[in-house]
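Student: So here's structure-v9.txt (compact mmCIF, C-alpha atoms).
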# COMPACT_ATOMS: atom_id res chain seq x y z
CA MET Q 1 123.11 130.73 141.22
CA ASP Q 2 121.21 129.98 138.03
CA ALA Q 3 120.74 132.30 135.10
CA ALA Q 4 117.52 134.32 134.87
CA PRO Q 5 114.59 131.86 134.39
CA ALA Q 6 113.89 133.01 130.82
CA ILE Q 7 117.54 132.44 129.92
CA GLN Q 8 117.52 129.02 131.59
CA THR Q 9 114.39 128.06 129.62
CA LEU Q 10 116.07 129.13 126.39
CA LEU Q 11 119.20 127.14 127.31
CA ASP Q 12 117.03 124.08 127.99
CA GLU Q 13 115.15 124.38 124.69
CA LEU Q 14 118.34 124.97 122.68
CA GLY Q 15 119.93 121.99 124.45
CA ARG Q 16 117.18 119.73 123.04
CA LEU Q 17 118.26 120.42 119.45
CA PRO Q 18 120.36 117.73 117.76
CA GLY Q 19 124.10 118.34 117.97
CA ILE Q 20 123.73 121.21 120.46
CA GLY Q 21 125.49 120.56 123.77
CA PRO Q 22 125.45 122.82 126.86
CA LYS Q 23 128.36 124.96 125.58
CA SER Q 24 126.80 125.50 122.15
CA ALA Q 25 123.44 126.25 123.79
CA GLN Q 26 125.10 128.88 125.99
CA ARG Q 27 126.93 130.42 123.05
CA ILE Q 28 123.71 130.64 121.01
CA ALA Q 29 121.63 131.91 123.94
CA TYR Q 30 124.02 134.78 124.64
CA TRP Q 31 124.25 135.52 120.93
CA LEU Q 32 120.45 135.85 120.88
CA LEU Q 33 120.54 138.00 124.03
CA ASN Q 34 123.13 140.30 122.46
CA ALA Q 35 121.40 140.36 119.08
CA ASP Q 36 118.94 143.12 118.34
CA ARG Q 37 115.32 142.17 118.92
CA GLU Q 38 114.47 141.99 115.21
CA THR Q 39 117.28 139.53 114.43
CA ALA Q 40 116.34 137.22 117.31
CA LEU Q 41 112.63 137.31 116.46
CA ARG Q 42 113.35 136.44 112.82
CA LEU Q 43 114.46 133.02 114.10
CA SER Q 44 111.44 132.50 116.36
CA ASP Q 45 109.15 133.62 113.50
CA ALA Q 46 110.85 131.21 111.10
CA ILE Q 47 110.13 128.34 113.50
CA VAL Q 48 106.47 129.37 113.85
CA GLN Q 49 106.15 129.78 110.07
CA VAL Q 50 107.56 126.33 109.41
CA LYS Q 51 105.19 124.71 111.89
CA ASP Q 52 102.21 126.72 110.60
CA THR Q 53 102.71 126.41 106.85
CA VAL Q 54 104.72 123.27 106.13
CA HIS Q 55 102.93 119.93 105.76
CA PHE Q 56 103.35 116.84 103.60
CA CYS Q 57 103.01 116.95 99.80
CA SER Q 58 99.80 115.15 98.82
CA VAL Q 59 101.65 113.25 96.09
CA CYS Q 60 105.10 112.33 97.38
CA PHE Q 61 105.05 113.13 101.16
CA ASN Q 62 107.98 115.53 100.88
CA TYR Q 63 107.59 118.70 102.94
CA ALA Q 64 105.48 121.25 101.08
CA GLN Q 65 103.78 124.59 101.65
CA ASP Q 66 101.18 124.12 98.92
CA ASP Q 67 99.12 121.01 98.25
CA GLN Q 68 102.03 119.64 96.23
CA CYS Q 69 105.74 120.18 96.87
CA GLU Q 70 107.71 122.30 94.41
CA ILE Q 71 109.17 119.23 92.75
CA CYS Q 72 105.85 117.45 92.18
CA ALA Q 73 104.31 120.72 90.95
CA SER Q 74 107.17 121.42 88.53
CA THR Q 75 106.68 120.85 84.82
CA LYS Q 76 110.47 120.83 84.38
CA ARG Q 77 110.86 117.54 86.25
CA ASP Q 78 110.59 114.13 84.61
CA HIS Q 79 107.48 112.64 86.22
CA ARG Q 80 108.18 109.24 84.66
CA VAL Q 81 111.07 108.63 87.05
CA ILE Q 82 110.46 108.35 90.81
CA CYS Q 83 113.24 108.30 93.38
CA VAL Q 84 112.12 106.55 96.58
CA VAL Q 85 113.68 107.83 99.82
CA SER Q 86 113.05 107.13 103.49
CA GLU Q 87 112.77 110.69 104.81
CA PRO Q 88 112.22 114.23 103.43
CA GLN Q 89 115.73 115.18 104.59
CA ASP Q 90 117.16 112.65 102.13
CA ILE Q 91 115.96 114.81 99.21
CA PRO Q 92 118.20 117.93 99.53
CA PRO Q 93 121.47 115.94 99.29
CA ILE Q 94 120.21 114.26 96.10
CA GLU Q 95 119.06 117.62 94.69
CA ARG Q 96 122.48 119.12 95.42
CA THR Q 97 124.13 116.55 93.15
CA ALA Q 98 122.16 118.03 90.20
CA THR Q 99 122.14 114.57 88.58
CA PHE Q 100 118.52 113.55 89.20
CA PHE Q 101 115.68 115.29 87.40
CA GLY Q 102 112.73 113.03 88.21
CA THR Q 103 110.34 113.23 91.16
CA TYR Q 104 110.43 111.67 94.63
CA HIS Q 105 108.41 109.49 96.90
CA VAL Q 106 109.05 109.68 100.65
CA LEU Q 107 108.27 106.45 102.51
CA GLY Q 108 108.36 108.03 105.97
CA GLY Q 109 110.81 105.46 107.31
CA ALA Q 110 112.18 102.04 106.41
CA LEU Q 111 111.03 98.48 107.06
CA SER Q 112 112.27 97.32 110.44
CA PRO Q 113 110.76 94.17 111.96
CA MET Q 114 112.87 94.85 115.08
CA ASP Q 115 111.08 98.16 115.62
CA GLY Q 116 107.75 96.78 114.46
CA ILE Q 117 107.71 98.91 111.29
CA GLY Q 118 105.98 97.01 108.50
CA PRO Q 119 104.83 97.93 104.97
CA ASP Q 120 101.56 99.42 106.27
CA ASP Q 121 103.51 101.96 108.36
CA LEU Q 122 105.19 103.40 105.26
CA HIS Q 123 103.71 105.26 102.26
CA ILE Q 124 104.02 102.16 100.08
CA ALA Q 125 100.34 101.90 99.12
CA GLU Q 126 100.50 105.51 97.90
CA LEU Q 127 103.61 104.69 95.85
CA MET Q 128 101.87 101.72 94.23
CA ALA Q 129 98.86 103.94 93.46
CA ARG Q 130 101.17 106.42 91.71
CA LEU Q 131 102.75 103.61 89.70
CA ALA Q 132 99.28 102.36 88.72
CA SER Q 133 97.99 105.74 87.53
CA ASP Q 134 101.08 107.63 86.25
CA GLU Q 135 103.22 106.60 83.32
CA VAL Q 136 106.27 105.70 85.35
CA THR Q 137 109.20 104.12 83.55
CA GLU Q 138 111.77 103.88 86.37
CA VAL Q 139 111.81 103.69 90.15
CA LEU Q 140 115.19 104.50 91.73
CA LEU Q 141 115.38 103.02 95.23
CA ALA Q 142 117.46 105.45 97.28
CA THR Q 143 116.89 104.10 100.77
CA ASN Q 144 120.00 104.06 102.97
CA PRO Q 145 122.59 101.29 102.39
CA ASN Q 146 121.97 99.75 105.83
CA VAL Q 147 119.94 96.72 106.94
CA GLU Q 148 116.58 98.51 107.05
CA GLY Q 149 117.21 100.39 103.80
CA GLU Q 150 118.29 97.25 101.94
CA THR Q 151 115.31 95.31 103.30
CA THR Q 152 112.98 98.07 102.14
CA ALA Q 153 114.62 98.23 98.71
CA SER Q 154 114.34 94.44 98.23
CA TYR Q 155 110.71 94.48 99.34
CA LEU Q 156 109.82 97.31 96.94
CA ALA Q 157 111.76 95.71 94.06
CA ARG Q 158 109.74 92.51 94.44
CA LEU Q 159 106.53 94.56 94.47
CA ILE Q 160 107.33 96.83 91.51
CA LYS Q 161 109.20 94.59 89.05
CA PRO Q 162 106.05 92.59 88.12
CA LEU Q 163 104.52 95.87 86.88
CA GLY Q 164 107.13 95.97 84.13
CA ILE Q 165 108.73 99.13 85.53
CA LYS Q 166 112.53 99.42 85.61
CA VAL Q 167 113.73 99.29 89.24
CA THR Q 168 117.19 100.68 90.03
CA ARG Q 169 119.20 101.06 93.23
CA LEU Q 170 121.87 103.58 94.27
CA ALA Q 171 125.30 102.07 93.65
CA SER Q 172 127.35 101.00 96.65
CA GLY Q 173 131.13 101.08 96.68
CA MET Q 174 134.17 103.15 97.61
CA PRO Q 175 133.33 106.75 98.47
CA VAL Q 176 135.13 109.15 96.12
CA GLY Q 177 138.33 110.24 97.84
CA GLY Q 178 138.13 107.18 100.09
CA ASP Q 179 141.17 105.17 101.13
CA LEU Q 180 141.46 101.40 100.58
CA GLU Q 181 143.48 101.12 103.77
CA PHE Q 182 140.69 102.48 105.95
CA ILE Q 183 137.52 101.41 104.15
CA ASP Q 184 135.29 98.92 106.00
CA GLU Q 185 135.33 95.42 104.51
CA VAL Q 186 131.61 95.29 103.75
CA THR Q 187 131.88 98.40 101.56
CA LEU Q 188 135.04 97.08 99.92
CA ALA Q 189 133.37 93.71 99.25
CA ARG Q 190 130.45 95.54 97.62
CA ALA Q 191 132.87 97.61 95.52
CA ILE Q 192 134.58 94.43 94.31
CA GLU Q 193 131.29 92.64 93.54
CA SER Q 194 130.03 95.69 91.64
CA ARG Q 195 133.31 96.29 89.78
CA ARG Q 196 132.97 97.98 86.39
CA VAL Q 197 134.67 97.07 83.14
CA LEU Q 198 136.88 99.95 81.98
CA MET B 1 115.36 122.88 93.30
CA ASP B 2 115.26 124.70 96.66
CA ALA B 3 113.43 123.58 99.76
CA ALA B 4 110.01 125.09 100.50
CA PRO B 5 110.46 128.86 101.17
CA ALA B 6 109.56 128.58 104.88
CA ILE B 7 112.17 125.83 105.29
CA GLN B 8 114.77 127.90 103.42
CA THR B 9 114.05 130.89 105.69
CA LEU B 10 114.49 128.70 108.76
CA LEU B 11 117.74 127.31 107.34
CA ASP B 12 118.99 130.86 106.73
CA GLU B 13 118.11 132.02 110.24
CA LEU B 14 119.63 128.94 111.89
CA GLY B 15 122.76 129.44 109.78
CA ARG B 16 123.26 132.88 111.36
CA LEU B 17 123.71 131.36 114.82
CA PRO B 18 127.29 131.04 116.07
CA GLY B 19 128.84 127.63 115.46
CA ILE B 20 125.98 126.49 113.20
CA GLY B 21 127.09 125.63 109.66
CA PRO B 22 124.83 124.57 106.77
CA LYS B 23 124.84 120.90 107.82
CA SER B 24 123.94 121.66 111.44
CA ALA B 25 121.25 124.09 110.27
CA GLN B 26 119.76 121.39 108.08
CA ARG B 27 119.87 118.81 110.86
CA ILE B 28 118.13 121.22 113.27
CA ALA B 29 115.56 122.40 110.70
CA TYR B 30 114.46 118.84 109.92
CA TRP B 31 114.41 118.02 113.62
CA LEU B 32 112.04 120.97 114.12
CA LEU B 33 109.95 119.86 111.12
CA ASN B 34 109.68 116.34 112.52
CA ALA B 35 109.06 117.52 116.09
CA ASP B 36 105.51 117.94 117.29
CA ARG B 37 104.22 121.49 117.10
CA GLU B 38 104.36 122.06 120.85
CA THR B 39 108.04 121.09 121.12
CA ALA B 40 109.06 123.34 118.24
CA LEU B 41 107.05 126.29 119.53
CA ARG B 42 108.60 125.96 123.00
CA LEU B 43 111.87 127.07 121.37
CA SER B 44 110.34 129.99 119.47
CA ASP B 45 108.50 131.04 122.65
CA ALA B 46 111.72 130.85 124.67
CA ILE B 47 113.39 133.22 122.19
CA VAL B 48 110.47 135.66 122.33
CA GLN B 49 110.39 135.47 126.16
CA VAL B 50 114.09 136.20 126.43
CA LYS B 51 113.83 139.24 124.15
CA ASP B 52 110.67 140.48 125.91
CA THR B 53 111.63 140.00 129.54
CA VAL B 54 115.42 140.08 129.85
CA HIS B 55 117.21 143.41 130.25
CA PHE B 56 120.24 144.67 132.15
CA CYS B 57 120.42 144.63 135.95
CA SER B 58 120.24 148.24 137.21
CA VAL B 59 123.14 147.59 139.58
CA CYS B 60 125.65 145.35 137.82
CA PHE B 61 124.53 145.19 134.12
CA ASN B 62 124.21 141.41 134.20
CA TYR B 63 121.14 140.07 132.39
CA ALA B 64 118.09 140.26 134.65
CA GLN B 65 114.33 139.80 134.49
CA ASP B 66 113.59 142.03 137.49
CA ASP B 67 115.09 145.44 138.20
CA GLN B 68 118.07 143.68 139.76
CA CYS B 69 119.59 140.36 138.72
CA GLU B 70 119.23 137.39 141.05
CA ILE B 71 122.77 137.80 142.34
CA CYS B 72 122.47 141.50 143.21
CA ALA B 73 119.06 140.85 144.80
CA SER B 74 120.34 137.94 146.90
CA THR B 75 120.99 138.42 150.63
CA LYS B 76 123.14 135.29 150.59
CA ARG B 77 125.86 136.93 148.49
CA ASP B 78 128.72 138.99 149.94
CA HIS B 79 128.02 142.47 148.62
CA ARG B 80 131.40 143.72 149.90
CA VAL B 81 133.22 141.82 147.13
CA ILE B 82 132.69 142.74 143.47
CA CYS B 83 133.98 140.65 140.58
CA VAL B 84 134.41 142.76 137.44
CA VAL B 85 133.83 140.98 134.12
CA SER B 86 133.64 142.14 130.50
CA GLU B 87 130.38 140.46 129.46
CA PRO B 88 127.33 138.82 131.08
CA GLN B 89 128.36 135.48 129.56
CA ASP B 90 131.53 135.57 131.71
CA ILE B 91 129.42 135.15 134.86
CA PRO B 92 128.04 131.58 134.45
CA PRO B 93 131.52 129.98 134.20
CA ILE B 94 132.59 131.74 137.40
CA GLU B 95 129.35 130.71 139.14
CA ARG B 96 129.91 127.11 138.11
CA THR B 97 133.22 127.03 140.02
CA ALA B 98 131.25 127.61 143.25
CA THR B 99 134.27 129.48 144.64
CA PHE B 100 133.04 133.07 144.39
CA PHE B 101 130.25 134.32 146.63
CA GLY B 102 130.39 138.07 146.05
CA THR B 103 128.54 140.12 143.43
CA TYR B 104 129.47 141.13 139.88
CA HIS B 105 129.89 144.19 137.73
CA VAL B 106 129.65 143.82 133.95
CA LEU B 107 131.67 146.39 132.01
CA GLY B 108 130.01 145.66 128.67
CA GLY B 109 133.34 145.17 126.89
CA ALA B 110 137.02 145.92 127.44
CA LEU B 111 139.24 148.92 126.71
CA SER B 112 140.49 148.76 123.14
CA PRO B 113 142.07 151.89 121.63
CA MET B 114 142.32 149.98 118.33
CA ASP B 115 138.54 149.61 118.22
CA GLY B 116 137.95 153.07 119.67
CA ILE B 117 136.55 151.70 122.94
CA GLY B 118 137.48 154.00 125.79
CA PRO B 119 136.49 154.18 129.49
CA ASP B 120 133.31 156.12 128.69
CA ASP B 121 132.07 153.23 126.52
CA LEU B 122 132.15 150.82 129.49
CA HIS B 123 130.14 150.78 132.74
CA ILE B 124 133.13 152.14 134.69
CA ALA B 125 131.42 155.27 136.06
CA GLU B 126 128.68 153.02 137.47
CA LEU B 127 131.31 150.77 139.07
CA MET B 128 132.98 153.77 140.72
CA ALA B 129 129.58 154.94 141.98
CA ARG B 130 129.01 151.52 143.58
CA LEU B 131 132.45 151.67 145.22
CA ALA B 132 131.67 155.17 146.54
CA SER B 133 128.32 154.24 148.06
CA ASP B 134 128.61 150.56 149.10
CA GLU B 135 131.00 149.17 151.68
CA VAL B 136 133.17 147.31 149.22
CA THR B 137 136.32 145.67 150.57
CA GLU B 138 137.60 143.87 147.46
CA VAL B 139 137.34 144.19 143.68
CA LEU B 140 138.36 141.06 141.76
CA LEU B 141 139.28 141.98 138.19
CA ALA B 142 138.19 139.03 136.03
CA THR B 143 138.57 140.50 132.57
CA ASN B 144 140.08 138.10 130.02
CA PRO B 145 143.84 137.47 130.12
CA ASN B 146 144.39 139.09 126.69
CA VAL B 147 145.64 142.54 125.66
CA GLU B 148 142.28 144.31 126.06
CA GLY B 149 141.46 142.53 129.31
CA GLU B 150 144.85 143.27 130.85
CA THR B 151 144.68 146.91 129.75
CA THR B 152 141.23 147.20 131.33
CA ALA B 153 142.40 145.54 134.54
CA SER B 154 145.43 147.87 134.83
CA TYR B 155 143.26 150.90 134.19
CA LEU B 156 140.71 149.88 136.83
CA ALA B 157 143.41 148.99 139.35
CA ARG B 158 144.92 152.50 139.04
CA LEU B 159 141.44 153.97 139.50
CA ILE B 160 140.35 151.84 142.47
CA LYS B 161 143.51 151.39 144.57
CA PRO B 162 143.54 155.06 145.77
CA LEU B 163 140.13 154.38 147.37
CA GLY B 164 141.82 151.98 149.81
CA ILE B 165 139.94 148.99 148.37
CA LYS B 166 141.79 145.71 147.85
CA VAL B 167 142.15 145.04 144.12
CA THR B 168 142.81 141.45 142.99
CA ARG B 169 143.23 139.79 139.61
CA LEU B 170 142.52 136.26 138.39
CA ALA B 171 145.73 134.22 138.52
CA SER B 172 147.39 133.32 135.23
CA GLY B 173 149.39 130.14 134.76
CA MET B 174 149.24 126.54 133.61
CA PRO B 175 145.70 125.28 133.05
CA VAL B 176 144.98 122.30 135.31
CA GLY B 177 145.62 119.16 133.26
CA GLY B 178 147.81 121.19 130.89
CA ASP B 179 150.99 119.84 129.39
CA LEU B 180 154.36 121.66 129.68
CA GLU B 181 155.32 120.37 126.25
CA PHE B 182 152.41 122.06 124.52
CA ILE B 183 151.77 125.17 126.62
CA ASP B 184 152.43 128.51 124.92
CA GLU B 185 155.50 130.34 126.20
CA VAL B 186 153.66 133.45 127.42
CA THR B 187 151.48 131.35 129.70
CA LEU B 188 154.49 129.34 130.89
CA ALA B 189 156.46 132.54 131.58
CA ARG B 190 153.51 133.83 133.62
CA ALA B 191 153.34 130.54 135.54
CA ILE B 192 157.04 130.83 136.38
CA GLU B 193 156.82 134.48 137.46
CA SER B 194 153.80 133.69 139.63
CA ARG B 195 155.30 130.51 141.12
CA ARG B 196 154.08 129.60 144.58
CA VAL B 197 156.14 128.47 147.57
CA LEU B 198 155.08 124.97 148.61
In structure tokens, what does this structure look like?

Tutor:
Amino acid sequence: MDAAPAIQTLLDELGRLPGIGPKSAQRIAYWLLNADRETALRLSDAIVQVKDTVHFCSVCFNYAQDDQCEICASTKRDHRVICVVSEPQDIPPIERTATFFGTYHVLGGALSPMDGIGPDDLHIAELMARLASDEVTEVLLATNPNVEGETTASYLARLIKPLGIKVTRLASGMPVGGDLEFIDEVTLARAIESRRVL
Amino acid sequence: MDAAPAIQTLLDELGRLPGIGPKSAQRIAYWLLNADRETALRLSDAIVQVKDTVHFCSVCFNYAQDDQCEICASTKRDHRVICVVSEPQDIPPIERTATFFGTYHVLGGALSPMDGIGPDDLHIAELMARLASDEVTEVLLATNPNVEGETTASYLARLIKPLGIKVTRLASGMPVGGDLEFIDEVTLARAIESRRVL
């Protein structure tokens, strides 16, 4: 015998979320059932609010509630440095490091001939327009260190360098706390190639 | 720099859910941001629906959308056998075994003098009323095999046995697939005491 239809629907919808299996969905569903109405509706309201008020920043394509995201709108950020990322979700981890004080540009993906994603499918034209109009001194390419990310970074470097703007790339190498014994050889090779003089 | 306020609110609300840490909350929030509006709102609607339409079954205190839950309302279930559980969420695992065809009674907790939960705080009076009016032949006590659950089972057994109704308890012992080497000694002791003749 199934659960009440409304509970089954909730279980189905929770089960669609990333990282939520049937057991987690059940645990969350019963938590919501046990929770007082106000607590449960705060979550549903938060989802509605996000879908109703969040859109893309007109400058950098990060998520924003106003015309520009809080970073683009901030006078405390260095607008001469642009960090290029694939997706909006790549920005919070960089922000948490508290080591980057420039602005961002979200490409909305990475070049992938296999998936038919070319330069016109990414916000590259908008990036070039920013570089043409703003006084940008450095572009930090922070696409992921995988095939698509590296391809995208190389492509952008070739496009931007002729403008006389400094183009940098996130360093690759051993993760801090990593273990030589267990590191993959590609990462280790990169760490050796990029070795620093002490 | 924080995320947009609506995103931060969603992260906070997701982070309240059981088993959802900051990383899971972020993964789910960005999934909802990327999802089309309809998909995201199906989840918020499911939460609202559950809070608006689900209440307790008037007979057994399981979650129900009608006056009675689907199990109490079913003519295919054996209404002479009642399985007593602590919480509504204990019912789906029993249903999934497809070995129990009676009805349920949800106590809404377990006796716990430490937490000040006595018989009057549980749906015990309602259970006794069912036993007095229905033709019940067996009560299966399926409270958890922990201190509170065992206390509750003993208490109910003393209350129900004088009515001439068969009172049974879930067996305790080795979990199927368990390993003698790693099983806790209380469970192993119970498995020895309850050993079966082959």

Student: Nearest to Ser133 in chain Q: which of Q:Val176, Q:Val59, Q:Met114, Q:Ile7 is it, counting only C-alpha atoms?

Tutor: Q:Val59

Student: Choose the residue, out of Q:Ile192, Q:Leu156, Q:Gln89, Q:Glu185, that has the smallest atom-to-atom separation from Lys23 in chain B; count all atoms listed in the file.

Tutor: Q:Gln89

Student: Give me, as a list in words, all polymer residues having an atom no more than 6 Å from range 70-82 of chain Q, counting all atoms listed in the file and skipping those fewer than 6 positions away in the same chain.

Tutor: Phe101, Gly102, Thr103, Tyr104, Glu135, Val136, Thr137, Glu138 and Val139 of chain Q

Student: Please report as a Markdown table every residue of chain B lying within 8 Å of chain Q, along with the nearest atom pair and their distance in Å (one decimal), using all atoms listed in the file.

Tutor:
| residue | atom | partner | partner_atom | distance |
| --- | --- | --- | --- | --- |
| B:Met1 | CA | Q:Glu95 | CA | 6.6 |
| B:Asp2 | CA | Q:Pro92 | CA | 7.9 |
| B:Ala3 | CA | Q:Pro92 | CA | 7.4 |
| B:Ala4 | CA | Q:Ala64 | CA | 6.0 |
| B:Pro5 | CA | Q:Gln65 | CA | 7.9 |
| B:Ala6 | CA | Q:Val50 | CA | 5.4 |
| B:Ile7 | CA | Q:Val50 | CA | 6.2 |
| B:Thr9 | CA | Q:Ala46 | CA | 6.3 |
| B:Leu10 | CA | Q:Ala46 | CA | 5.0 |
| B:Glu13 | CA | Q:Leu43 | CA | 5.4 |
| B:Leu14 | CA | Q:Leu43 | CA | 6.9 |
| B:Leu17 | CA | Q:Ile28 | CA | 6.2 |
| B:Pro18 | CA | Q:Ile28 | CA | 6.1 |
| B:Gly19 | CA | Q:Ser24 | CA | 7.3 |
| B:Ser24 | CA | Q:Gly19 | CA | 7.3 |
| B:Arg27 | CA | Q:Pro18 | CA | 7.0 |
| B:Ile28 | CA | Q:Pro18 | CA | 6.1 |
| B:Tyr30 | CA | Q:Gln89 | CA | 6.6 |
| B:Trp31 | CA | Q:Pro18 | CA | 7.3 |
| B:Leu32 | CA | Q:Ile47 | CA | 7.6 |
| B:Leu33 | CA | Q:Lys51 | CA | 6.8 |
| B:Arg37 | CA | Q:Lys51 | CA | 6.2 |
| B:Ala40 | CA | Q:Ile47 | CA | 7.0 |
| B:Leu41 | CA | Q:Val48 | CA | 6.5 |
| B:Arg42 | CA | Q:Glu13 | CA | 6.9 |
| B:Leu43 | CA | Q:Glu13 | CA | 5.4 |
| B:Ser44 | CA | Q:Ser44 | CA | 4.1 |
| B:Asp45 | CA | Q:Ser44 | CA | 7.1 |
| B:Ala46 | CA | Q:Leu10 | CA | 5.0 |
| B:Ile47 | CA | Q:Ser44 | CA | 6.2 |
| B:Val48 | CA | Q:Leu41 | CA | 6.5 |
| B:Gln49 | CA | Q:Ala6 | CA | 6.3 |
| B:Val50 | CA | Q:Ala6 | CA | 5.4 |
| B:Lys51 | CA | Q:Arg37 | CA | 6.2 |
| B:Thr53 | CA | Q:Ala6 | CA | 7.5 |
| B:Val54 | CA | Q:Ala6 | CA | 7.3 |
| B:Tyr63 | CA | Q:Ala4 | CA | 7.2 |
| B:Ala64 | CA | Q:Ala4 | CA | 6.0 |
| B:Gln65 | CA | Q:Ala4 | CA | 6.4 |
| B:Cys69 | CA | Q:Ala4 | CA | 7.5 |
| B:Glu70 | CA | Q:Ala4 | CA | 7.1 |
| B:Ile71 | CA | Q:Met1 | CA | 7.2 |
| B:Gln89 | CA | Q:Tyr30 | CA | 6.6 |
| B:Pro92 | CA | Q:Ala3 | CA | 7.4 |
| B:Glu95 | CA | Q:Met1 | CA | 6.6 |

Student: Which residues, written as a list in words, have at least one atom at most 10 Å from range 116-119 of chain Q, with only C-alpha atoms counted and residues fewer than 6 positions away on the same chain left out?

Tutor: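 Close residues of range 116-119 of chain Q: Leu107, Gly109, Ala110, Ala125, Glu148, Thr152, Tyr155 and Leu156 of chain Q.
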
Student: Could you tell me how far CA of Arg190 in chain Q lies from CA of Gly173 in chain Q, in Å and to one decimal?

Tutor: 5.7 Å

Student: Excluding same-chain residues fewer than 6 positions from Asn144 in chain Q, what lies within 12 Å of it counting only C-alpha atoms, as a list in words?

Tutor: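 Answer for this query is Val84, Val85, Ser86, Glu87, Asp90, Leu107, Gly109, Ala110, Leu111, Glu150, Thr151, Thr152, Ala153, Arg169, Leu170, Ala171 and Ser172 of chain Q.
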
Student: Separation of CA of Leu122 in chain Q and CA of Gly108 in chain Q, in Å?

Tutor: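 Computed distance, CA of Leu122 in chain Q to CA of Gly108 in chain Q, equals 5.7 Å.
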
Student: What does the structure give for the distance between CA of Glu193 in chain Q and CA of Met174 in chain Q, in Å to one decimal?

Tutor: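 We find that CA of Glu193 in chain Q and CA of Met174 in chain Q lie 11.6 Å from each other.
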
Student: I'd like to know which of Q:Asn146, Q:Gln68, Q:Phe61, Q:Leu140 is closest to His105 in chain Q, using all atoms listed in the file.

Tutor: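 Checking each candidate against His105 in chain Q, we get Q:Phe61 as the closest.
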
Student: Give, as JSON, the centre coordinates and the x, y and z edge lengths in Å to one decimal for an axis-aligned box around all listed atoms of range 27-35 of chain B, padded by 6 Å on each side.

Tutor:
{"center_x": 114.5, "center_y": 119.4, "center_z": 113.0, "size_x": 22.8, "size_y": 18.1, "size_z": 18.2}
